[in-house]
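Structure record follows, encoded as structure tokens.
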Amino acid sequence: MNASNNTITRWILVLLFILNLSLSFAQNTDPDKSPAGNVINSAEWIIKELKRRMVDDGWKDQLKIGGIERDLNALSKKIEYIKKNDPSWHKIASYEKELSHYNGIYDAHMQEANQEKEYSNRLYMARSQISDLKEIKTGCNGYLNRAKLFSPDTAVEALLMLPNDVYAADVKSFLNEYPEYYERNIRPEIYRQIDEAEKFSDNIQNYHHVESNTKGAFACATAAKMLAPHDHNILTTYKEIKKRHDDIVDKHDQQTFTSAFHKKHVGEIVFFNRPVKIGEESEDMIVKDFNINDNVYAIAYFDKPANHATRDGWFEYNLSQNGRSFFESRTPIAKGEGGQTYLMIEVFIPNPEESSQRLPRVSAQMFPELVTGTHKFSLQLDRYAEGQFEFTVNSTDGPKLKTIASNYHEYIVNNTFMPNAAVSEPSLEKSIMNMHKSRFTKTTPLKVNILTGSWDVYHHEFSGEILYRIREVAVSYKVDGKCFFIDVKLRQDHLGGGRYGEIYYDGFWDDQELNCNNLYAN
């Protein structure tokens, strides 16, 4: 009887051992049973996207490169997260191998792309200089569009230095008939452009219009003066246009810069420990060293309005810590802020009740990762502004930072809303829902808001051929009982003849959690 009992006990222990092995294997191989489940699914999706996109020979296009850079950075962060939260996950090594593989491809292609870009730029300059002369002869307007890149005297001198060029005879002929051509074609164009600039110069929102026409008129007058330096009528026109040009520039400076402080710090991000009223900043308000008890506010200063400082209406900002990426996000230009020549950002606010929902911000949930010591941070806003500050963490700050992060997370979730839709297109929204569901199988899509009213079409830099078109949307979804949304860039490649291929995700920004009740609150 004892022997029989012992045998049964042994079999029970064996079965329990097998069961534990099975459970352990399931946890190590099933994302749903892993503490890092959602991140694992996201990492695998990024790897598939990289595999699909980097096979395409055209991926060196600047927009595609940006998407691939974001994917590589995102994959690196997700791998670190998985290793921290589920170190036994069976695919970690393969993820790291994939990341290393695609980083290698990216680095090799970028080296090649940079060489090609340098060659293309040199070729482009040569072609532009040759075509500029022809445009002088046929009309001033097209010529001056290029004068933004090449000053008139440089372009003409370059052409006169090409005696064997096919246009050399045209140069000599044009110089001989210049006075008549100037009075009939160029002089009226100069006045038309300066009149247009003055007409629109009262509103900073017309920045590009004013800048283009002002530069165009003055550049054309300068070209005329250079080609006929002793002509009294041309010199008189030049002096008048220069004065009107300078007056418009002065007026524009007054609209552009909110203060002498602003003008001094253009291209910089300056940090303060309290909210600052624009136009009342001073050098003694600047703070560069902060700690856990400080608010950290930042202001980026531009020399042009916000809606002209970024092409698509969004700013991307990145906070790096001790030389490594710490936090990155993007923010749309809010209504009424397009004419602003500055941008305010909340970097660290210990009390979430003091946080402004209107301002872009850095997530306080990142700061508990900081170890004891002084950390050097750099905040960069696209390519338009950058600034540095230091943040000191004491040995007793760890628990406080975790409490701040927890409170901040709860506050942000309850005060975050999906971006408002610009238009409603039910058929497109339905197809995006289906596409999202097929790619993120563990999530339930809830709502799609289309953020841009129409497709932005992108052309080849030199040929003008249509390459693809882009659109921005926000997609909300539910997973594990929580609601999130992500900003997605949709893309359709041009097939020729006005036809486009299938829509696909060409990049997306990190998901943001929000209270599920907030999905339909605005």
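Following the order of the structure tokens, first chain is A, next is B, and so on, with residues numbered from 1 inside each chain and ligands from 1 in the order they appear.
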
Quick one: contact table of region 293-317 of chain A to region 386-410 of chain A, 10 Å max, nearest atom pair and distance in Å to one decimal per residue, counting only C-alpha atoms, chain and number order, as a Markdown table?
```
| residue | atom | partner | partner_atom | distance |
| --- | --- | --- | --- | --- |
| A:Asn293 | CA | A:Lys400 | CA | 9.9 |
| A:Asp294 | CA | A:Phe391 | CA | 9.5 |
| A:Val296 | CA | A:Phe389 | CA | 9.5 |
| A:Ala298 | CA | A:Gly387 | CA | 8.7 |
| A:Ile299 | CA | A:Gly387 | CA | 9.4 |
| A:Ala300 | CA | A:Glu386 | CA | 7.5 |
| A:Tyr301 | CA | A:Glu386 | CA | 9.4 |
| A:Tyr317 | CA | A:Glu386 | CA | 9.5 |
```

How would the residues just picked look written out with all heavy atoms as a compact mmCIF listing (two decimals), in the first residue's frame?
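Printed below is out.txt as written:
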```
# COMPACT_ATOMS: atom_id res chain seq x y z
N ASN A 293 12.19 70.02 -6.71
CA ASN A 293 11.19 70.98 -6.21
C ASN A 293 10.88 72.11 -7.19
O ASN A 293 10.04 72.96 -6.91
CB ASN A 293 11.69 71.59 -4.89
CG ASN A 293 11.89 70.53 -3.80
OD1 ASN A 293 11.01 69.71 -3.59
ND2 ASN A 293 13.05 70.55 -3.16
N ASP A 294 11.55 72.10 -8.34
CA ASP A 294 11.40 73.20 -9.29
C ASP A 294 10.42 72.85 -10.41
O ASP A 294 10.35 71.71 -10.87
CB ASP A 294 12.76 73.53 -9.94
CG ASP A 294 13.75 74.11 -8.94
OD1 ASP A 294 13.32 74.87 -8.06
OD2 ASP A 294 14.95 73.81 -9.07
N VAL A 296 9.97 73.40 -14.36
CA VAL A 296 10.88 73.65 -15.48
C VAL A 296 10.04 74.02 -16.70
O VAL A 296 9.34 73.17 -17.26
CB VAL A 296 11.77 72.43 -15.79
CG1 VAL A 296 12.77 72.79 -16.89
CG2 VAL A 296 12.50 71.95 -14.54
N ALA A 298 10.04 75.95 -20.59
CA ALA A 298 10.94 76.29 -21.70
C ALA A 298 10.20 77.15 -22.71
O ALA A 298 9.01 76.96 -22.94
CB ALA A 298 11.46 75.02 -22.36
N ILE A 299 10.92 78.07 -23.33
CA ILE A 299 10.37 78.86 -24.43
C ILE A 299 11.37 78.80 -25.59
O ILE A 299 12.55 79.10 -25.42
CB ILE A 299 10.12 80.34 -24.05
CG1 ILE A 299 9.19 80.43 -22.83
CG2 ILE A 299 9.51 81.09 -25.23
CD1 ILE A 299 8.93 81.86 -22.37
N ALA A 300 10.87 78.38 -26.76
CA ALA A 300 11.67 78.36 -27.98
C ALA A 300 11.34 79.61 -28.79
O ALA A 300 10.16 79.95 -28.96
CB ALA A 300 11.37 77.10 -28.79
N TYR A 301 12.38 80.26 -29.31
CA TYR A 301 12.18 81.52 -30.05
C TYR A 301 12.55 81.34 -31.53
O TYR A 301 13.61 80.78 -31.85
CB TYR A 301 13.05 82.63 -29.44
CG TYR A 301 12.66 82.98 -28.02
CD1 TYR A 301 13.33 82.44 -26.93
CD2 TYR A 301 11.60 83.86 -27.77
CE1 TYR A 301 12.97 82.76 -25.62
CE2 TYR A 301 11.24 84.19 -26.47
CZ TYR A 301 11.93 83.63 -25.41
OH TYR A 301 11.56 83.95 -24.11
N TYR A 317 9.55 67.51 -30.85
CA TYR A 317 10.55 67.93 -29.88
C TYR A 317 11.14 66.72 -29.18
O TYR A 317 10.48 65.70 -28.98
CB TYR A 317 10.00 68.94 -28.87
CG TYR A 317 8.75 68.54 -28.11
CD1 TYR A 317 8.82 68.11 -26.80
CD2 TYR A 317 7.49 68.64 -28.70
CE1 TYR A 317 7.68 67.77 -26.09
CE2 TYR A 317 6.34 68.31 -28.01
CZ TYR A 317 6.44 67.87 -26.70
OH TYR A 317 5.31 67.52 -26.00
```

Region 183-324 of chain A: residues DSSP assigns to alpha helix (DSSP H), reported as a ChimeraX atom specification: /A:187-200,207-227,232-256,260-264,306-309

Residue with smallest distance to Tyr477 (chain A) - pool A:Ile40, A:Ala197, A:Ile503, A:Leu519, counting only C-alpha atoms: A:Leu519

Gap from CA of Lys242 (chain A) to CA of Phe302 (chain A) - Å, one decimal: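 Calculated distance between CA of Lys242 (chain A) and CA of Phe302 (chain A) is 25.2 Å.
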
Mind checking which residues fall within 8 Å of Gly279 (chain A), counting only C-alpha atoms, ignoring those fewer than 5 positions away in the same chain, and posting them as a CSV table (one decimal) with N, CA and C atoms, in the first residue's frame?
```csv
chain,number,residue,atom,x,y,z
A,258,THR,N,9.0,89.7,-30.2
A,258,THR,CA,8.2,90.3,-29.1
A,258,THR,C,9.0,91.2,-28.2
A,259,SER,N,10.3,91.1,-28.2
A,259,SER,CA,11.2,91.9,-27.4
A,259,SER,C,12.6,91.8,-27.9
A,261,PHE,N,14.9,90.7,-26.0
A,261,PHE,CA,15.3,89.4,-25.5
A,261,PHE,C,15.0,88.3,-26.5
A,262,HIS,N,13.8,88.3,-27.1
A,262,HIS,CA,13.4,87.4,-28.2
A,262,HIS,C,14.4,87.4,-29.3
```

9 Å contact set for region 88-104 of chain A, only C-alpha atoms, chain neighbours under 3 positions out, as a VMD selection string: chain A and resid 27 to 29 31 34 43 to 44 47 50 to 51 54 72 75 to 76 79 82 to 83 107 to 109

Who sits within 10 Å of Ser356 (chain A), only C-alpha atoms, same chain under 6 positions skipped, as a VMD selection string: chain A and resid 345 to 346 349

Picked from region 313-490 of chain A by DSSP as strand (DSSP E), as a PyMOL selection string: chain A and resi 314-321+324-332+342-348+373-381+385-393+444-450+456-459+466-479+482-490

Contacts of His436 (chain A) at 10 Å (only C-alpha atoms; same-chain gap of 3+ positions) as a PyMOL selection string: chain A and resi 430-433+439-441+443-445+475-477+504-505

Please write the residues from the selection above to a file, keeping N, CA, C and O atoms, as a PDB file, in the first residue's frame.
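Output below, filename selection-v2.pdb:
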```
ATOM      1  N   LYS A 430     -13.402  53.974 -42.039  1.00  0.00           N
ATOM      2  CA  LYS A 430     -13.678  52.541 -41.932  1.00  0.00           C
ATOM      3  C   LYS A 430     -12.483  51.718 -42.377  1.00  0.00           C
ATOM      4  O   LYS A 430     -12.105  50.727 -41.726  1.00  0.00           O
ATOM      5  N   SER A 431     -11.842  52.122 -43.473  1.00  0.00           N
ATOM      6  CA  SER A 431     -10.691  51.356 -43.957  1.00  0.00           C
ATOM      7  C   SER A 431      -9.520  51.449 -42.979  1.00  0.00           C
ATOM      8  O   SER A 431      -8.777  50.484 -42.791  1.00  0.00           O
ATOM      9  N   ILE A 432      -9.358  52.604 -42.315  1.00  0.00           N
ATOM     10  CA  ILE A 432      -8.290  52.747 -41.312  1.00  0.00           C
ATOM     11  C   ILE A 432      -8.579  51.846 -40.110  1.00  0.00           C
ATOM     12  O   ILE A 432      -7.672  51.203 -39.564  1.00  0.00           O
ATOM     13  N   MET A 433      -9.840  51.787 -39.687  1.00  0.00           N
ATOM     14  CA  MET A 433     -10.230  50.905 -38.566  1.00  0.00           C
ATOM     15  C   MET A 433      -9.877  49.452 -38.896  1.00  0.00           C
ATOM     16  O   MET A 433      -9.296  48.732 -38.065  1.00  0.00           O
ATOM     17  N   ARG A 439      -3.530  44.846 -38.060  1.00  0.00           N
ATOM     18  CA  ARG A 439      -2.121  44.953 -37.699  1.00  0.00           C
ATOM     19  C   ARG A 439      -1.904  44.844 -36.190  1.00  0.00           C
ATOM     20  O   ARG A 439      -0.884  44.326 -35.747  1.00  0.00           O
ATOM     21  N   PHE A 440      -2.846  45.367 -35.423  1.00  0.00           N
ATOM     22  CA  PHE A 440      -2.732  45.290 -33.964  1.00  0.00           C
ATOM     23  C   PHE A 440      -3.845  44.365 -33.462  1.00  0.00           C
ATOM     24  O   PHE A 440      -4.871  44.815 -32.953  1.00  0.00           O
ATOM     25  N   THR A 441      -3.626  43.089 -33.618  1.00  0.00           N
ATOM     26  CA  THR A 441      -4.695  42.107 -33.382  1.00  0.00           C
ATOM     27  C   THR A 441      -5.135  42.027 -31.931  1.00  0.00           C
ATOM     28  O   THR A 441      -6.223  41.530 -31.646  1.00  0.00           O
ATOM     29  N   THR A 443      -5.717  44.574 -30.032  1.00  0.00           N
ATOM     30  CA  THR A 443      -6.421  45.796 -29.650  1.00  0.00           C
ATOM     31  C   THR A 443      -7.774  45.867 -30.343  1.00  0.00           C
ATOM     32  O   THR A 443      -7.998  45.228 -31.365  1.00  0.00           O
ATOM     33  N   THR A 444      -8.654  46.669 -29.768  1.00  0.00           N
ATOM     34  CA  THR A 444      -9.978  46.908 -30.365  1.00  0.00           C
ATOM     35  C   THR A 444     -10.071  48.364 -30.792  1.00  0.00           C
ATOM     36  O   THR A 444     -10.149  49.256 -29.949  1.00  0.00           O
ATOM     37  N   PRO A 445     -10.020  48.659 -32.111  1.00  0.00           N
ATOM     38  CA  PRO A 445     -10.110  50.056 -32.550  1.00  0.00           C
ATOM     39  C   PRO A 445     -11.474  50.645 -32.224  1.00  0.00           C
ATOM     40  O   PRO A 445     -12.504  49.966 -32.320  1.00  0.00           O
ATOM     41  N   VAL A 475      -5.964  57.573 -34.210  1.00  0.00           N
ATOM     42  CA  VAL A 475      -6.726  56.330 -34.056  1.00  0.00           C
ATOM     43  C   VAL A 475      -6.772  55.966 -32.571  1.00  0.00           C
ATOM     44  O   VAL A 475      -5.726  55.886 -31.916  1.00  0.00           O
ATOM     45  N   SER A 476      -7.986  55.775 -32.044  1.00  0.00           N
ATOM     46  CA  SER A 476      -8.117  55.354 -30.641  1.00  0.00           C
ATOM     47  C   SER A 476      -8.464  53.869 -30.599  1.00  0.00           C
ATOM     48  O   SER A 476      -9.090  53.335 -31.513  1.00  0.00           O
ATOM     49  N   TYR A 477      -8.047  53.217 -29.517  1.00  0.00           N
ATOM     50  CA  TYR A 477      -8.298  51.780 -29.374  1.00  0.00           C
ATOM     51  C   TYR A 477      -8.290  51.410 -27.894  1.00  0.00           C
ATOM     52  O   TYR A 477      -7.843  52.188 -27.039  1.00  0.00           O
ATOM     53  N   TYR A 504      -1.069  52.780 -46.324  1.00  0.00           N
ATOM     54  CA  TYR A 504      -0.373  52.075 -45.251  1.00  0.00           C
ATOM     55  C   TYR A 504       0.197  53.074 -44.249  1.00  0.00           C
ATOM     56  O   TYR A 504       0.325  54.260 -44.541  1.00  0.00           O
ATOM     57  N   TYR A 505       0.509  52.574 -43.047  1.00  0.00           N
ATOM     58  CA  TYR A 505       1.100  53.419 -42.003  1.00  0.00           C
ATOM     59  C   TYR A 505       2.543  53.720 -42.388  1.00  0.00           C
ATOM     60  O   TYR A 505       3.341  52.812 -42.593  1.00  0.00           O
TER      61      TYR A 505
END
```

Name all residues at most 7 Å from Ile286 (chain A) (count only C-alpha atoms; drop same-chain ones fewer than 5 positions away) and give them as a PDB file with N, CA, C and O atoms, in the first residue's frame.
```pdb
ATOM      1  N   VAL A 270      15.100  78.657 -24.091  1.00  0.00           N
ATOM      2  CA  VAL A 270      15.520  79.238 -22.816  1.00  0.00           C
ATOM      3  C   VAL A 270      14.625  78.681 -21.704  1.00  0.00           C
ATOM      4  O   VAL A 270      13.428  78.491 -21.894  1.00  0.00           O
ATOM      5  N   PHE A 271      15.204  78.430 -20.526  1.00  0.00           N
ATOM      6  CA  PHE A 271      14.491  77.760 -19.439  1.00  0.00           C
ATOM      7  C   PHE A 271      14.238  78.707 -18.259  1.00  0.00           C
ATOM      8  O   PHE A 271      15.076  79.555 -17.921  1.00  0.00           O
ATOM      9  N   PHE A 272      13.060  78.530 -17.643  1.00  0.00           N
ATOM     10  CA  PHE A 272      12.637  79.345 -16.504  1.00  0.00           C
ATOM     11  C   PHE A 272      12.042  78.429 -15.442  1.00  0.00           C
ATOM     12  O   PHE A 272      11.623  77.301 -15.730  1.00  0.00           O
TER      13      PHE A 272
END
```

Best match for closeness to Ser355 (chain A) among A:Pro35, A:Asp303, A:Tyr411, A:Ile333, counting only C-alpha atoms: A:Tyr411

Atomic separation - CA of Gly267 (chain A) relative to CA of His375 (chain A), Å: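 Atom-to-atom, CA of His375 (chain A) and CA of Gly267 (chain A) are spaced 23.0 Å apart.
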
Atomic distance CA of Ala221 (chain A) - CA of Asp202 (chain A), expressed in Å with one decimal: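 Spanning CA of Ala221 (chain A) to CA of Asp202 (chain A) is a straight-line distance of 23.4 Å.
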